[in-house]
>>> print(open('data36.cif').read())   # mmCIF, C-alpha atoms
data_structure
#
loop_
_atom_site.label_atom_id
_atom_site.label_comp_id
_atom_site.auth_asym_id
_atom_site.auth_seq_id
_atom_site.Cartn_x
_atom_site.Cartn_y
_atom_site.Cartn_z
CA ASN Y 483 19.10 -8.65 5.46
CA SER Y 484 21.59 -7.85 2.70
CA LEU Y 485 19.82 -4.54 2.03
CA SER Y 486 19.95 -3.60 5.72
CA GLU Y 487 23.61 -4.57 5.80
CA LYS Y 488 24.30 -2.40 2.75
CA ILE Y 489 22.60 0.66 4.26
CA PHE Y 490 24.41 0.13 7.58
CA SER Y 491 27.72 -0.34 5.76
CA ILE Y 492 27.16 2.90 3.83
CA TYR Y 493 26.61 4.83 7.06
CA LEU Y 494 29.66 3.35 8.78
CA ARG Y 495 31.86 4.51 5.91
CA LYS Y 496 30.55 8.07 6.02
CA PRO Y 497 32.80 10.83 7.39
CA TYR Y 498 32.18 12.25 10.86
CA SER Y 499 30.75 15.47 9.35
CA PHE Y 500 27.87 13.43 7.92
CA PHE Y 501 26.71 12.32 11.38
CA VAL Y 502 26.91 15.86 12.74
CA SER Y 503 24.27 17.00 10.25
CA GLN Y 504 22.05 13.89 10.54
CA ASN Y 505 19.59 12.74 13.16
CA SER Y 506 20.54 9.33 14.54
CA SER Y 507 16.88 8.27 14.83
CA LYS Y 508 16.47 8.68 11.07
CA LEU Y 509 19.56 6.56 10.38
CA ILE Y 510 18.34 3.84 12.74
CA LEU Y 511 14.97 3.70 10.99
CA ASN Y 512 16.57 3.56 7.56
CA CYS Y 513 18.78 0.60 8.51
CA LYS Y 514 15.96 -1.74 9.51
CA TYR Y 515 12.40 -0.38 9.64
CA GLU Y 516 12.32 1.29 6.22
CA VAL Y 517 13.97 -1.78 4.68
CA ASP Y 518 11.26 -4.02 6.16
CA LEU Y 519 8.52 -1.75 4.81
CA TYR Y 520 10.16 -1.71 1.40
CA LEU Y 521 10.36 -5.50 1.27
CA SER Y 522 6.77 -6.05 2.45
CA ASN Y 523 5.05 -3.18 0.62
CA ILE Y 524 7.06 -3.13 -2.61
CA LEU Y 525 8.89 -6.38 -3.43
CA GLN Y 526 6.53 -8.93 -1.87
CA THR Y 527 3.43 -7.02 -2.97
CA THR Y 528 4.69 -6.73 -6.56
CA ILE Y 529 5.07 -10.52 -6.76
CA GLU Y 530 1.56 -11.01 -5.36
CA LEU Y 531 0.19 -8.42 -7.77
CA PHE Y 532 1.74 -10.20 -10.76
CA SER Y 533 0.33 -13.63 -9.77
CA GLU Y 534 -3.16 -12.25 -9.11
CA PHE Y 535 -3.12 -10.42 -12.44
CA ILE Y 536 -2.32 -13.64 -14.34
CA ILE Y 537 -5.18 -15.52 -12.64
CA MET Y 538 -7.65 -12.71 -13.29
CA CYS Y 539 -6.69 -12.36 -16.98
CA SER Y 540 -7.02 -16.11 -17.55
CA LEU Y 541 -10.55 -16.19 -16.17
CA LEU Y 542 -11.61 -13.05 -18.03
CA ILE Y 543 -10.37 -14.51 -21.32
CA LEU Y 544 -12.50 -17.58 -20.61
CA ILE Y 545 -15.75 -15.63 -20.23
CA LEU Y 546 -14.86 -13.43 -23.22
CA ILE Y 547 -14.70 -16.55 -25.37
CA MET Y 548 -18.04 -17.83 -24.03
CA LYS Y 549 -20.04 -14.58 -24.14
CA PRO Y 550 -18.10 -11.70 -25.78
CA LEU Y 551 -20.73 -8.94 -25.56
CA VAL Y 552 -21.86 -9.44 -21.97
CA SER Y 553 -18.30 -10.12 -20.81
CA THR Y 554 -17.00 -6.97 -22.50
CA ILE Y 555 -19.64 -4.89 -20.70
CA LEU Y 556 -18.69 -6.54 -17.40
CA ILE Y 557 -14.96 -5.97 -17.89
CA LEU Y 558 -15.42 -2.34 -18.94
CA THR Y 559 -17.64 -1.70 -15.92
CA PHE Y 560 -15.06 -3.01 -13.47
CA LEU Y 561 -12.24 -1.31 -15.37
CA ILE Y 562 -13.96 2.08 -15.10
CA PHE Y 563 -14.54 1.46 -11.39
CA ILE Y 564 -10.88 0.57 -10.80
CA ILE Y 565 -9.59 3.61 -12.73
CA LEU Y 566 -11.91 6.01 -10.88
CA TYR Y 567 -11.06 4.50 -7.50
CA GLN Y 568 -7.33 4.68 -8.15
CA PHE Y 569 -7.63 8.25 -9.44
CA VAL Y 570 -9.40 9.34 -6.26
CA LEU Y 571 -6.97 7.65 -3.87
CA LYS Y 572 -3.63 8.04 -5.67
CA ARG Y 573 -2.52 11.31 -4.08
CA LYS Y 574 -4.04 10.45 -0.72
CA THR Y 575 -2.16 7.16 -0.49
CA LEU Y 576 1.14 8.83 -1.36
CA ARG Y 577 0.47 11.51 1.27
CA TRP Y 578 -0.39 8.88 3.89
CA GLY Y 579 2.86 7.09 3.13
CA SER Y 580 4.83 10.32 3.63
CA GLU Y 581 2.97 11.06 6.87
CA ARG Y 582 3.70 7.55 8.10
CA GLU Y 583 7.40 7.99 7.36
CA TYR Y 584 7.45 11.37 9.17
CA THR Y 585 5.63 10.17 12.32
CA ASP Y 586 7.76 7.01 12.56
CA LYS Y 587 10.90 9.16 12.39
CA GLU Y 588 9.58 11.58 15.02
CA ILE Y 589 8.51 8.77 17.36
CA ASN Y 590 11.93 7.17 17.12
CA LYS Y 591 13.67 10.53 17.66
CA LEU Y 592 11.49 11.30 20.68
CA LEU Y 593 12.27 7.93 22.30
CA ILE Y 594 16.00 8.37 21.77
CA GLN Y 595 15.92 11.93 23.17
CA SER Y 596 13.87 11.01 26.23
CA PHE Y 597 15.85 7.90 27.16
CA GLY Y 598 19.17 9.53 26.27
CA ALA Y 599 18.47 12.44 28.63
CA ILE Y 600 16.44 10.51 31.18
CA LYS Y 601 18.27 12.16 34.09
CA ASP Y 602 17.23 15.66 32.96
CA VAL Y 603 13.73 14.43 32.19
CA ILE Y 604 13.31 13.18 35.76
CA LEU Y 605 14.99 16.14 37.47
CA ARG Y 606 13.02 18.71 35.47
CA PHE Y 607 9.74 16.76 35.69
CA LYS Y 608 9.41 16.58 31.90
CA GLN Y 609 7.75 13.14 31.86
CA ASN Y 610 4.33 14.50 30.88
CA PHE Y 611 5.85 16.69 28.18
CA PHE Y 612 7.46 13.72 26.42
CA LEU Y 613 4.46 11.48 27.09
CA ASN Y 614 2.02 13.94 25.50
CA LYS Y 615 4.21 14.35 22.43
CA PHE Y 616 4.51 10.57 22.20
CA LYS Y 617 0.71 10.18 22.40
CA ASN Y 618 0.16 12.77 19.66
CA PHE Y 619 2.60 11.07 17.28
CA LEU Y 620 1.08 7.65 17.99
CA LYS Y 621 -2.42 9.03 17.37
CA HIS Y 622 -1.38 10.55 14.05
CA ASN Y 623 0.37 7.34 13.07
CA SER Y 624 -2.71 5.26 13.95
CA VAL Y 625 -5.03 7.54 11.96
CA VAL Y 626 -2.83 7.19 8.87
CA SER Y 627 -2.70 3.40 9.24
CA VAL Y 628 -6.48 3.14 9.66
CA ARG Y 629 -7.06 5.28 6.56
CA GLN Y 630 -4.72 3.12 4.52
CA LEU Y 631 -6.31 -0.13 5.71
CA THR Y 632 -9.83 1.21 5.16
CA SER Y 633 -8.96 2.24 1.61
CA THR Y 634 -7.97 -1.36 0.84
CA GLU Y 635 -11.25 -2.79 2.18
CA ILE Y 636 -13.78 -0.43 0.58
CA PRO Y 637 -13.39 -1.86 -2.97
CA ARG Y 638 -14.51 -5.33 -1.84
CA PHE Y 639 -17.97 -4.10 -0.79
CA LEU Y 640 -18.38 -1.93 -3.88
CA MET Y 641 -17.39 -4.76 -6.22
CA GLU Y 642 -19.80 -7.17 -4.52
CA PHE Y 643 -22.59 -4.64 -5.10
CA ILE Y 644 -21.57 -4.26 -8.76
CA ALA Y 645 -21.53 -8.05 -9.13
CA ILE Y 646 -25.10 -8.32 -7.80
CA VAL Y 647 -26.27 -5.62 -10.21
CA PHE Y 648 -24.48 -7.41 -13.02
CA PHE Y 649 -26.22 -10.75 -12.32
CA VAL Y 650 -29.56 -8.96 -12.41
CA PHE Y 651 -28.53 -7.35 -15.70
CA ILE Y 652 -27.55 -10.74 -17.19
CA SER Y 653 -30.87 -12.28 -16.20
CA ILE Y 654 -32.78 -9.42 -17.84
CA PHE Y 655 -30.54 -9.48 -20.91
CA PHE Y 656 -31.04 -13.19 -21.55
CA SER Y 657 -34.78 -13.11 -20.79
CA GLN Y 658 -35.36 -10.29 -23.28
CA ASN Y 659 -33.56 -12.32 -25.94
CA ASP Y 660 -36.22 -15.04 -25.58
CA GLN Y 661 -33.88 -17.54 -23.99
CA ASN Y 662 -35.22 -20.22 -21.70
CA PHE Y 663 -34.25 -19.86 -18.05
CA LEU Y 664 -32.77 -23.37 -18.08
CA GLU Y 665 -30.44 -22.23 -20.86
CA ILE Y 666 -29.34 -19.26 -18.77
CA ILE Y 667 -28.38 -21.34 -15.70
CA PRO Y 668 -25.04 -22.66 -17.12
CA TYR Y 669 -23.94 -19.13 -18.02
CA LEU Y 670 -24.98 -17.78 -14.63
CA GLY Y 671 -23.04 -20.63 -13.03
CA LEU Y 672 -19.99 -19.79 -15.13
CA TYR Y 673 -20.14 -16.11 -14.23
CA ALA Y 674 -20.71 -16.96 -10.56
CA ALA Y 675 -17.67 -19.25 -10.55
CA VAL Y 676 -15.53 -16.64 -12.28
CA ALA Y 677 -16.79 -13.91 -9.95
CA PHE Y 678 -15.93 -16.14 -6.97
CA LYS Y 679 -12.28 -16.05 -8.07
CA VAL Y 680 -12.02 -12.73 -9.91
CA LEU Y 681 -13.61 -10.42 -7.31
CA PRO Y 682 -11.15 -11.39 -4.53
CA ALA Y 683 -8.33 -11.18 -7.09
CA ILE Y 684 -9.35 -7.64 -8.10
CA ASN Y 685 -9.63 -6.64 -4.45
CA ARG Y 686 -6.15 -8.02 -3.74
CA ILE Y 687 -4.79 -6.22 -6.81
CA LEU Y 688 -6.26 -2.91 -5.64
CA ALA Y 689 -4.94 -3.55 -2.12
CA SER Y 690 -1.52 -4.35 -3.56
CA ILE Y 691 -1.49 -1.11 -5.54
CA GLN Y 692 -2.39 0.79 -2.37
CA ARG Y 693 0.37 -0.94 -0.42
CA ILE Y 694 2.92 -0.20 -3.15
CA ARG Y 695 2.00 3.49 -3.13
CA PHE Y 696 2.07 3.49 0.68
CA GLY Y 697 5.58 2.02 0.55
CA ILE Y 698 6.95 4.45 -2.06
CA PRO Y 699 8.45 6.81 0.60
CA SER Y 700 10.46 3.87 1.97
CA SER Y 701 11.77 2.96 -1.47
CA GLU Y 702 12.67 6.60 -2.16
CA ILE Y 703 14.59 6.82 1.13
CA LEU Y 704 16.60 3.68 0.41
CA TYR Y 705 17.22 4.66 -3.20
CA ASN Y 706 18.46 8.11 -2.21
CA GLU Y 707 20.78 6.69 0.46
CA ILE Y 708 22.35 4.17 -1.93
CA PHE Y 709 22.36 6.44 -4.99
CA ASN Y 710 23.76 9.44 -3.11
CA ASN Y 711 26.48 7.24 -1.62
CA ASN Y 712 27.47 5.99 -5.10
CA ASN Y 713 27.68 9.59 -6.31
CA TYR Y 714 29.78 10.50 -3.28
CA GLU Y 715 32.19 7.61 -3.94
CA ASN Y 716 32.45 8.55 -7.63
CA ASP Y 717 33.19 12.18 -6.77
CA SER Y 718 35.84 11.04 -4.31
#
>>> encode(input="data36.cif", output="C-alpha cells")
Amino acid sequence: NSLSEKIFSIYLRKPYSFFVSQNSSKLILNCKYEVDLYLSNILQTTIELFSEFIIMCSLLILILIMKPLVSTILILTFLIFIILYQFVLKRKTLRWGSEREYTDKEINKLLIQSFGAIKDVILRFKQNFFLNKFKNFLKHNSVVSVRQLTSTEIPRFLMEFIAIVFFVFISIFFSQNDQNFLEIIPYLGLYAAVAFKVLPAINRILASIQRIRFGIPSSEILYNEIFNNNNYENDS
C-alpha cells in the first residue's frame, strides 16, 4: 500500500505538461496493478526462494556427508540440468514479462477509451471494433500467461525422470561394488527421503526464478518512476 501511495503521490505532484504527454491508462496500471505484480513476483518470491534454498542446501549437505561420491554425481547432474534449463528460458521469460506489461497497458487503455467515448461508440456502431481489439489483447495476454505457467511446471516432470534414473544408477553402483542389497536399503531410503523434500524444493526454486524474471518489467517501471521523480526534484 505504501508503494502504491508513493507512486500516486509522485503523479499528483507532477506538472500538467507531464499528463499531456502520458497515457492515463499507463499511470493507472502503475499505481496499483504493477505494484501488486512487483510485490507478488519479486518481493514475496525472493523470500520463498531464500527459504527453499536453505532447506535444499541442508539436505544436500547431509547426503554429501553420508555418500560423497554418489551425492556429488547427483548434485552435479541436477545442477547441469538447472543451468541448461535457465539458459534456455532466460530470454523467453523476460520477453513474456514485457509482452504481459504491454498487453495489460493496451487492455486498460482500450477500456478507458471505449467507456470514455461510449456515446460515439454507440452512435457510430463501433462496438464490434472495440470488442475485436479487446479479444485480441486478451488472447495474447492469455498465451503469455500459459507459456509462463507451463515453463514453471515442466521442470517437475523432468526432475522426477532424472530421480528415477538416479535410483537405478545407485542400485547398479552398489551392486557392482559387491554390497548386499540389505545394506543398500538404508541408503536408498535416505536418498528417497531427501528426494521427497529436495525435488519439490528445486521445482519451487526454478518456479520462483521464473516468476522473478516475469516480474522484472514491473520492477523496472516502478524503479524508473521513483528514480526519475527523484532526479526531477533534484534538478528543480
>>> resolve_selection(input="data36.cif", expression="the PyMOL selection byres ((chain Y and resi 500-507) around 10)", output="ChimeraX atom specification")
/Y:493-499,508-512,586-595
>>> closest_residue(input="data36.cif", among="Y:Asn614, Y:Ser633, Y:Ser700, Y:Ser486", to="Leu519 of chain Y", atoms="only C-alpha atoms")
Y:Ser700
>>> closest_residue(input="data36.cif", among="Y:Ser596, Y:Thr559, Y:Thr528, Y:Ser701", to="Leu613 of chain Y", atoms="only C-alpha atoms")
Y:Ser596
>>> resolve_selection(input="data36.cif", expression="the PyMOL selection byres ((chain Y and resi 682) around 10)", output="ChimeraX atom specification")
/Y:534,538,637-638,641-642,677-681,683-688
>>> closest_residue(input="data36.cif", among="Y:Val676, Y:Ile703, Y:Phe649, Y:Phe696", to="Ile543 of chain Y", atoms="all atoms listed in the file")
Y:Val676
>>> closest_residue(input="data36.cif", among="Y:Phe607, Y:Phe651, Y:Tyr515, Y:Trp578", to="Asn623 of chain Y", atoms="only C-alpha atoms")
Y:Trp578
>>> resolve_selection(input="data36.cif", expression="the PyMOL selection byres ((chain Y and resi 488) around 12)", output="VMD selection string")
chain Y and resid 483 to 487 489 to 495 512 to 514 517 704 to 705 707 to 709 711 to 712
>>> atom_distance(input="data36.cif", atom1="atom CA of Ser653 of chain Y", atom2="atom CA of Ile667 of chain Y")
9.4 Å
>>> atom_distance(input="data36.cif", atom1="atom CA of Lys549 of chain Y", atom2="atom CA of Ile654 of chain Y")
15.1 Å
>>> closest_residue(input="data36.cif", among="Y:Leu551, Y:Ile565, Y:Ile636, Y:Leu558", to="Ala689 of chain Y", atoms="only C-alpha atoms")
Y:Ile636
>>> closest_residue(input="data36.cif", among="Y:Phe648, Y:Phe560, Y:Phe655, Y:Phe612", to="Phe597 of chain Y", atoms="all atoms listed in the file")
Y:Phe612
>>> atom_distance(input="data36.cif", atom1="atom CA of Lys572 of chain Y", atom2="atom CA of Ile644 of chain Y")
22.0 Å
>>> axis_aligned_box(input="data36.cif", around="segment 538-541 of chain Y", padding_each_side="4 Å", output="lines of an AutoDock Vina configuration file")
center_x = -8.6
center_y = -14.3
center_z = -15.4
size_x = 11.9
size_y = 11.8
size_z = 12.3
